[in-house]
There are 2 protein chains.
Amino acid sequence: MKLYETLAAEIEGLVAQGVLRPGEKLPSVRAQQERRGVSPSTVFQAYYQLEAKGVIQSRPRSGYFVAARRAPPEPEVSRPDAASTAVDVSSLVFQVLDASRAPGMVPFGSAFPSPLLFPLEKLARSVSNSMRLIDPWSTVADLPPGNAELRRQIALRYQLDGAPVAADDIIITNGALEALNLCLQAVARPGDTVLVESPSFYAALQSLERLELKAVEVATHPREGMDLGALAQALDQHKPKACWLMTSFQNPLGSLMPPEKKQALVTLLAQHGVPLIEDDVYGELYFGAHRPALAKRYDSEGIVMHCSSFSKCLAPGFRVGWAAPGRYARAVERLKLTTSLAAAMPSQLALADYLGQGGYERHLRQLRVVLERQRDRMLDAIATHFPAGTRVTRPQGGYFLWVELPAGSDALALHARALAEGISIAPGPMFSAKRDYAHCIRLNYGHLWDATHESALSTLGHLAHS
Amino acid sequence: MKLYETLAAEIEGLVAQGVLRPGEKLPSVRAQQERRGVSPSTVFQAYYQLEAKGVIQSRPRSGYFVAARRAPPEPEVSRPDAASTAVDVSSLVFQVLDASRAPGMVPFGSAFPSPLLFPLEKLARSVSNSMRLIDPWSTVADLPPGNAELRRQIALRYQLDGAPVAADDIIITNGALEALNLCLQAVARPGDTVLVESPSFYAALQSLERLELKAVEVATHPREGMDLGALAQALDQHKPKACWLMTSFQNPLGSLMPPEKKQALVTLLAQHGVPLIEDDVYGELYFGAHRPALAKRYDSEGIVMHCSSFSKCLAPGFRVGWAAPGRYARAVERLKLTTSLAAAMPSQLALADYLGQGGYERHLRQLRVVLERQRDRMLDAIATHFPAGTRVTRPQGGYFLWVELPAGSDALALHARALAEGISIAPGPMFSAKRDYAHCIRLNYGHLWDATHESALSTLGHLAHS
């Protein structure tokens, strides 16, 4: 047994005995190092292992704490089969989404956080302001690339994120989904292959399906994102036309690719001349101290097509997203013009006004705190109610947990039984071109946690046992 | 010489001699009939011929008048070659659109009417109203098919137009362009053939190009729309997957298919099992007594995919359009979901509010009167300034004139020279997959006519002479 394993086993014992109580702060790394005489990396390795097993939790800027309840361990890295496949997931996805939209349903299967978390009154004021002062000609002039002031505000944020983009190279779209679709069309044609994570976001799979593209699912680590070794192999084997990744807080895993890995990713893709479609819609919802780096930050060749939106963090119904497609900017702009002409002007003007007022950062800070708290409560509830053998992710941002139920579980059956109890969930096969992940589910913790949610999760755990 | 030709020649002579003065009312059909002893149909035929030559003009509910100035004759029916072609028009279209967007340009090449013709203040109030009363959940719940109240309002209008459509079968989109694109994707795949008018709207050609579809351009009458004989031949010869038509006030011809012809069109297409994508964005901008019939009105099989929007007649920048795709409604709804999820909620709510207030009809009535007056002023100016041998359409709605310059004219060269003078026009080759119509231009009369416009048209006529 290695030194860090011994240390980890000791601490796990103390937790099991109740010497260290749920929620209690662990001794600091420095204290372990000084009193035990071990190296900082030994302590970090031990704590990392304990965190992966759900014994302890890190809290940004505060240190490590005993998990409020002992959460199940994290899933392993995915091992999808390496063949390329035509995608056929849409009808399942539509079935699930339709079923989940019934009013009163507990929204664990939802794709959105609660709208109650958004500054709707301020947005309403921004909408009114901007319409009162409107220049009539802007109603016909804000064709692609979109409203100039909004693009300026977005360009300012890219600069702060260390990935400067000219305002003219930002194309405003109807939400990130349209941006991603246009980027895909700019680089791939029917029959081409595109690399995606495994599991991967079902809307990405649906886009591939609609555009008659083939998907290759690449092994993905639940904490650190796509496996670059597996990616390198897939690049050689499949000669893909693009790679579509969520580099920060991937949906459904919540994985966050570390900065050096993002850099290596961009270098690898540049070597192969393969563009990266970087789907970054959850990037602002981080629980750590800093905004995660964008892969685009490491892009010297213009091959990263960065896409994001305000739909997940500010104004879902406004349908304002954008693409910063690097060297493909003009191609994407033209596709936008022939696909849907322009994004809605009231939404664009209102968001430009809102961003200009300066309250966005404050809103985001509050939102992140709420989401992190809800993540912990859902993790606790899973630890309490779900069967032994369950594994669950520890996302450091976003609002999804990925739950691996014990081997042999049937997520589609669970979905059907949960619906009958008024609970929506997103079953694993939605997240795979080949309908893998039959024993997995994605749960949304972006809704205000209350007794209904606690009891729904208990019901879900009960159903998962049987 | 037939009787009606004699009558027409007589009247033309009276106009030439100044006996009948510009703007003067002609004797009524009844008066001609009673005093000359000819049949009403003879009088109508004579008047129709004189109108086609631009000698007289009909005014709805008022009768026939001597043209204010004698307008050039109408163009003949188009005679496109019957082969199918891959479409390659986009780069020309983008060049022209980019060049025309420079500020201060006289907007004869514009695709939109003047934004000053729209009720922007009322719309701003509707935006504010609807945002104040917003249900937070609507920001995530108004997924396709779209806001329920807006769909209800649109369904009410279909009922008034004699083409009842269930609100659930209406899908709200980001403008009509997205609706048309989704309908096209629902019925055609790359390599398929689609029939269009000739000349045809360049955005339709761009959509075909982007989706890798082939176009067959079908002969089209400048007053009555697509030639059904030519259509029947093309259906047999090319086995198209769809037919994309503007049945009322076609862009660029302004042609209006008479109701019985629309009915025959739908019957013919139903026999061949070919869906009709009915692009009806100008249908509300009629100068006659009644809203022109929709082809959808004659659709008992659910093969007519009717598409329209508020962009041309109420709120251009709001980007709210819709499709009523008949039997393809669910397919289009799903495509919408995977293409751009949903239309912007502030725009949808504001238009639902505006329509609910009941001022839409009054706005439309005013708009129609203004557009008709501007049509006459532009026709007069063309008669005054353009070279002999010019032909021009007499649209009964919309805001475009289609001008055939004398044989040998070069519309692209004219476009370049006009731009240098600060005048945008839309050259004919934009409106053909094969870049035909080298001697034609489309002019927009949807902008408030003033001395600048008069002088720009005189400059244009001068350039056209040389």
# chains A, B, ... in the order shown; residues from 1 in each chain; ligands from 1
>>> interface_residues(of="chain B", to="chain A", cutoff="7 Å", atoms="only C-alpha atoms", output="NGL selection string")
:B and (115-116 or 124 or 127-128 or 131-132 or 136-137 or 139-140 or 174-175 or 177-178 or 181 or 203 or 206-207 or 316-319 or 338-340 or 343-347)
>>> closest_residue(among="B:Ala8, B:Arg327, B:Ser248, B:Ser78", to="Phe44 (chain B)", atoms="only C-alpha atoms")
B:Ala8
>>> residues_around(residues="region 442-458 of chain A", least_positions_apart="5", cutoff="7 Å", atoms="only C-alpha atoms", output="VMD selection string")
chain A and resid 108 to 110 113 to 114 252 371 374 to 375 378 381 385 399 to 403 423 425 to 428
>>> write_last_selection(atoms="N, CA and C atoms", output="short mmCIF file (atom, residue, chain, number, x, y, z; two decimals), in the first residue's frame")
data_model
loop_
_atom_site.label_atom_id
_atom_site.label_comp_id
_atom_site.auth_asym_id
_atom_site.auth_seq_id
_atom_site.Cartn_x
_atom_site.Cartn_y
_atom_site.Cartn_z
N PHE A 108 -36.17 16.70 -12.67
CA PHE A 108 -34.80 16.17 -12.66
C PHE A 108 -34.32 15.86 -14.08
N GLY A 109 -35.24 15.71 -15.01
CA GLY A 109 -34.85 15.42 -16.39
C GLY A 109 -34.70 16.67 -17.25
N SER A 110 -35.00 17.83 -16.68
CA SER A 110 -34.99 19.07 -17.45
C SER A 110 -33.60 19.43 -17.94
N PRO A 113 -31.94 25.16 -15.91
CA PRO A 113 -32.10 25.44 -14.49
C PRO A 113 -33.43 26.14 -14.26
N SER A 114 -33.82 26.30 -13.01
CA SER A 114 -35.08 26.97 -12.70
C SER A 114 -35.06 28.40 -13.22
N PRO A 252 -23.54 15.28 -20.31
CA PRO A 252 -24.06 15.13 -18.94
C PRO A 252 -23.01 14.92 -17.84
N LEU A 371 -26.31 27.07 -7.12
CA LEU A 371 -26.16 25.79 -7.82
C LEU A 371 -25.23 24.85 -7.04
N GLN A 374 -27.06 23.35 -4.19
CA GLN A 374 -28.04 22.34 -4.62
C GLN A 374 -27.35 21.05 -5.07
N ARG A 375 -26.17 21.20 -5.66
CA ARG A 375 -25.39 20.00 -6.01
C ARG A 375 -25.16 19.17 -4.76
N MET A 378 -28.26 17.40 -3.52
CA MET A 378 -28.65 16.25 -4.33
C MET A 378 -27.67 15.10 -4.14
N ALA A 381 -28.62 13.42 -0.96
CA ALA A 381 -29.85 12.64 -1.08
C ALA A 381 -29.59 11.34 -1.84
N HIS A 385 -30.37 7.64 -0.44
CA HIS A 385 -31.51 6.89 -0.96
C HIS A 385 -31.16 5.86 -2.03
N TYR A 399 -25.08 22.16 -13.79
CA TYR A 399 -26.19 21.74 -12.91
C TYR A 399 -26.69 20.33 -13.20
N PHE A 400 -25.75 19.47 -13.61
CA PHE A 400 -26.12 18.08 -13.87
C PHE A 400 -25.26 17.10 -13.06
N LEU A 401 -25.89 16.07 -12.53
CA LEU A 401 -25.16 14.91 -12.00
C LEU A 401 -25.38 13.75 -12.97
N TRP A 402 -24.32 12.96 -13.15
CA TRP A 402 -24.41 11.74 -13.97
C TRP A 402 -24.32 10.57 -13.01
N VAL A 403 -25.35 9.75 -12.99
CA VAL A 403 -25.44 8.67 -12.02
C VAL A 403 -25.36 7.32 -12.73
N ILE A 423 -42.11 12.15 -11.81
CA ILE A 423 -40.70 12.56 -11.75
C ILE A 423 -40.06 12.35 -13.12
N ILE A 425 -36.64 12.14 -15.42
CA ILE A 425 -35.18 11.97 -15.41
C ILE A 425 -34.73 11.84 -16.86
N ALA A 426 -33.42 11.96 -17.09
CA ALA A 426 -32.90 11.79 -18.45
C ALA A 426 -32.12 10.48 -18.50
N PRO A 427 -32.70 9.44 -19.15
CA PRO A 427 -32.03 8.14 -19.15
C PRO A 427 -30.77 8.13 -20.04
N GLY A 428 -29.77 7.35 -19.62
CA GLY A 428 -28.46 7.31 -20.27
C GLY A 428 -28.46 7.12 -21.78
#
>>> select_by_dssp(residues="region 286-452 of chain B", states="helix (DSSP H, G or I)", output="PyMOL selection string")
chain B and resi 295-298+316-318+326-340+345-357+360-385+411-420+428-431+451-452
>>> residues_around(residues="region 47-62 of chain B", least_positions_apart="5", cutoff="7 Å", atoms="only C-alpha atoms", output="list in words")
Ala8, Glu12, Ala67, Arg70, Ala71, Pro72, Pro73, Glu74, Gly288 and Ala289 of chain B
>>> write_last_selection(atoms="N, CA and C atoms", output="PDB file, in the first residue's frame")
ATOM      1  N   ALA B   8     -59.626  49.263 -77.575  1.00  0.00           N
ATOM      2  CA  ALA B   8     -58.408  49.626 -76.857  1.00  0.00           C
ATOM      3  C   ALA B   8     -57.615  50.664 -77.644  1.00  0.00           C
ATOM      4  N   GLU B  12     -56.492  54.358 -76.440  1.00  0.00           N
ATOM      5  CA  GLU B  12     -55.083  54.717 -76.413  1.00  0.00           C
ATOM      6  C   GLU B  12     -54.850  55.996 -77.225  1.00  0.00           C
ATOM      7  N   ALA B  67     -53.388  56.231 -66.723  1.00  0.00           N
ATOM      8  CA  ALA B  67     -52.166  56.202 -65.923  1.00  0.00           C
ATOM      9  C   ALA B  67     -51.625  57.611 -65.784  1.00  0.00           C
ATOM     10  N   ARG B  70     -47.774  57.613 -68.699  1.00  0.00           N
ATOM     11  CA  ARG B  70     -47.943  56.345 -69.383  1.00  0.00           C
ATOM     12  C   ARG B  70     -46.791  55.417 -69.030  1.00  0.00           C
ATOM     13  N   ALA B  71     -47.087  54.360 -68.251  1.00  0.00           N
ATOM     14  CA  ALA B  71     -46.048  53.434 -67.799  1.00  0.00           C
ATOM     15  C   ALA B  71     -45.664  52.502 -68.933  1.00  0.00           C
ATOM     16  N   PRO B  72     -44.439  52.033 -68.933  1.00  0.00           N
ATOM     17  CA  PRO B  72     -44.006  51.059 -69.947  1.00  0.00           C
ATOM     18  C   PRO B  72     -44.851  49.792 -69.857  1.00  0.00           C
ATOM     19  N   PRO B  73     -44.878  49.002 -70.922  1.00  0.00           N
ATOM     20  CA  PRO B  73     -45.685  47.766 -70.911  1.00  0.00           C
ATOM     21  C   PRO B  73     -45.143  46.740 -69.925  1.00  0.00           C
ATOM     22  N   GLU B  74     -45.981  45.726 -69.641  1.00  0.00           N
ATOM     23  CA  GLU B  74     -45.563  44.661 -68.732  1.00  0.00           C
ATOM     24  C   GLU B  74     -44.626  43.679 -69.427  1.00  0.00           C
ATOM     25  N   GLY B 288     -55.999  45.211 -53.487  1.00  0.00           N
ATOM     26  CA  GLY B 288     -57.377  44.950 -53.878  1.00  0.00           C
ATOM     27  C   GLY B 288     -58.312  44.980 -52.675  1.00  0.00           C
ATOM     28  N   ALA B 289     -59.563  44.550 -52.895  1.00  0.00           N
ATOM     29  CA  ALA B 289     -60.576  44.646 -51.850  1.00  0.00           C
ATOM     30  C   ALA B 289     -60.417  43.557 -50.793  1.00  0.00           C
TER      31      ALA B 289
END
>>> decode(residues="region 174-194 of chain B", atoms="N, CA and C atoms", output="PDB file, in the first residue's frame")
ATOM      1  N   ASN B 174     -38.005  31.369 -36.331  1.00  0.00           N
ATOM      2  CA  ASN B 174     -37.255  32.626 -36.409  1.00  0.00           C
ATOM      3  C   ASN B 174     -37.440  33.229 -37.792  1.00  0.00           C
ATOM      4  N   GLY B 175     -38.581  33.844 -38.010  1.00  0.00           N
ATOM      5  CA  GLY B 175     -38.890  34.420 -39.305  1.00  0.00           C
ATOM      6  C   GLY B 175     -39.352  33.354 -40.288  1.00  0.00           C
ATOM      7  N   ALA B 176     -39.919  33.813 -41.409  1.00  0.00           N
ATOM      8  CA  ALA B 176     -40.407  32.878 -42.422  1.00  0.00           C
ATOM      9  C   ALA B 176     -39.251  32.098 -43.042  1.00  0.00           C
ATOM     10  N   LEU B 177     -38.075  32.713 -43.114  1.00  0.00           N
ATOM     11  CA  LEU B 177     -36.964  32.027 -43.785  1.00  0.00           C
ATOM     12  C   LEU B 177     -36.649  30.711 -43.086  1.00  0.00           C
ATOM     13  N   GLU B 178     -36.638  30.735 -41.745  1.00  0.00           N
ATOM     14  CA  GLU B 178     -36.396  29.471 -41.053  1.00  0.00           C
ATOM     15  C   GLU B 178     -37.540  28.497 -41.301  1.00  0.00           C
ATOM     16  N   ALA B 179     -38.779  28.999 -41.294  1.00  0.00           N
ATOM     17  CA  ALA B 179     -39.930  28.125 -41.551  1.00  0.00           C
ATOM     18  C   ALA B 179     -39.785  27.434 -42.906  1.00  0.00           C
ATOM     19  N   LEU B 180     -39.435  28.207 -43.924  1.00  0.00           N
ATOM     20  CA  LEU B 180     -39.295  27.662 -45.275  1.00  0.00           C
ATOM     21  C   LEU B 180     -38.168  26.628 -45.322  1.00  0.00           C
ATOM     22  N   ASN B 181     -37.060  26.945 -44.663  1.00  0.00           N
ATOM     23  CA  ASN B 181     -35.936  26.006 -44.622  1.00  0.00           C
ATOM     24  C   ASN B 181     -36.315  24.691 -43.944  1.00  0.00           C
ATOM     25  N   LEU B 182     -37.042  24.787 -42.845  1.00  0.00           N
ATOM     26  CA  LEU B 182     -37.419  23.575 -42.127  1.00  0.00           C
ATOM     27  C   LEU B 182     -38.391  22.739 -42.962  1.00  0.00           C
ATOM     28  N   CYS B 183     -39.324  23.420 -43.635  1.00  0.00           N
ATOM     29  CA  CYS B 183     -40.269  22.689 -44.489  1.00  0.00           C
ATOM     30  C   CYS B 183     -39.519  21.965 -45.604  1.00  0.00           C
ATOM     31  N   LEU B 184     -38.556  22.662 -46.187  1.00  0.00           N
ATOM     32  CA  LEU B 184     -37.752  22.066 -47.254  1.00  0.00           C
ATOM     33  C   LEU B 184     -37.022  20.826 -46.737  1.00  0.00           C
ATOM     34  N   GLN B 185     -36.413  20.945 -45.557  1.00  0.00           N
ATOM     35  CA  GLN B 185     -35.678  19.811 -44.997  1.00  0.00           C
ATOM     36  C   GLN B 185     -36.596  18.657 -44.631  1.00  0.00           C
ATOM     37  N   ALA B 186     -37.858  18.983 -44.323  1.00  0.00           N
ATOM     38  CA  ALA B 186     -38.777  17.915 -43.934  1.00  0.00           C
ATOM     39  C   ALA B 186     -39.134  17.015 -45.119  1.00  0.00           C
ATOM     40  N   VAL B 187     -38.993  17.535 -46.357  1.00  0.00           N
ATOM     41  CA  VAL B 187     -39.452  16.748 -47.504  1.00  0.00           C
ATOM     42  C   VAL B 187     -38.380  16.446 -48.549  1.00  0.00           C
ATOM     43  N   ALA B 188     -37.203  17.085 -48.441  1.00  0.00           N
ATOM     44  CA  ALA B 188     -36.180  16.875 -49.482  1.00  0.00           C
ATOM     45  C   ALA B 188     -34.827  16.600 -48.857  1.00  0.00           C
ATOM     46  N   ARG B 189     -34.039  15.763 -49.537  1.00  0.00           N
ATOM     47  CA  ARG B 189     -32.686  15.459 -49.069  1.00  0.00           C
ATOM     48  C   ARG B 189     -31.670  15.845 -50.140  1.00  0.00           C
ATOM     49  N   PRO B 190     -30.391  16.017 -49.716  1.00  0.00           N
ATOM     50  CA  PRO B 190     -29.372  16.457 -50.673  1.00  0.00           C
ATOM     51  C   PRO B 190     -29.458  15.682 -51.995  1.00  0.00           C
ATOM     52  N   GLY B 191     -29.405  16.406 -53.108  1.00  0.00           N
ATOM     53  CA  GLY B 191     -29.476  15.786 -54.428  1.00  0.00           C
ATOM     54  C   GLY B 191     -30.877  15.817 -55.038  1.00  0.00           C
ATOM     55  N   ASP B 192     -31.895  16.003 -54.198  1.00  0.00           N
ATOM     56  CA  ASP B 192     -33.272  16.057 -54.710  1.00  0.00           C
ATOM     57  C   ASP B 192     -33.505  17.333 -55.514  1.00  0.00           C
ATOM     58  N   THR B 193     -34.591  17.320 -56.256  1.00  0.00           N
ATOM     59  CA  THR B 193     -34.948  18.466 -57.099  1.00  0.00           C
ATOM     60  C   THR B 193     -36.177  19.181 -56.540  1.00  0.00           C
ATOM     61  N   VAL B 194     -36.160  20.496 -56.626  1.00  0.00           N
ATOM     62  CA  VAL B 194     -37.270  21.331 -56.159  1.00  0.00           C
ATOM     63  C   VAL B 194     -37.633  22.302 -57.273  1.00  0.00           C
TER      64      VAL B 194
END
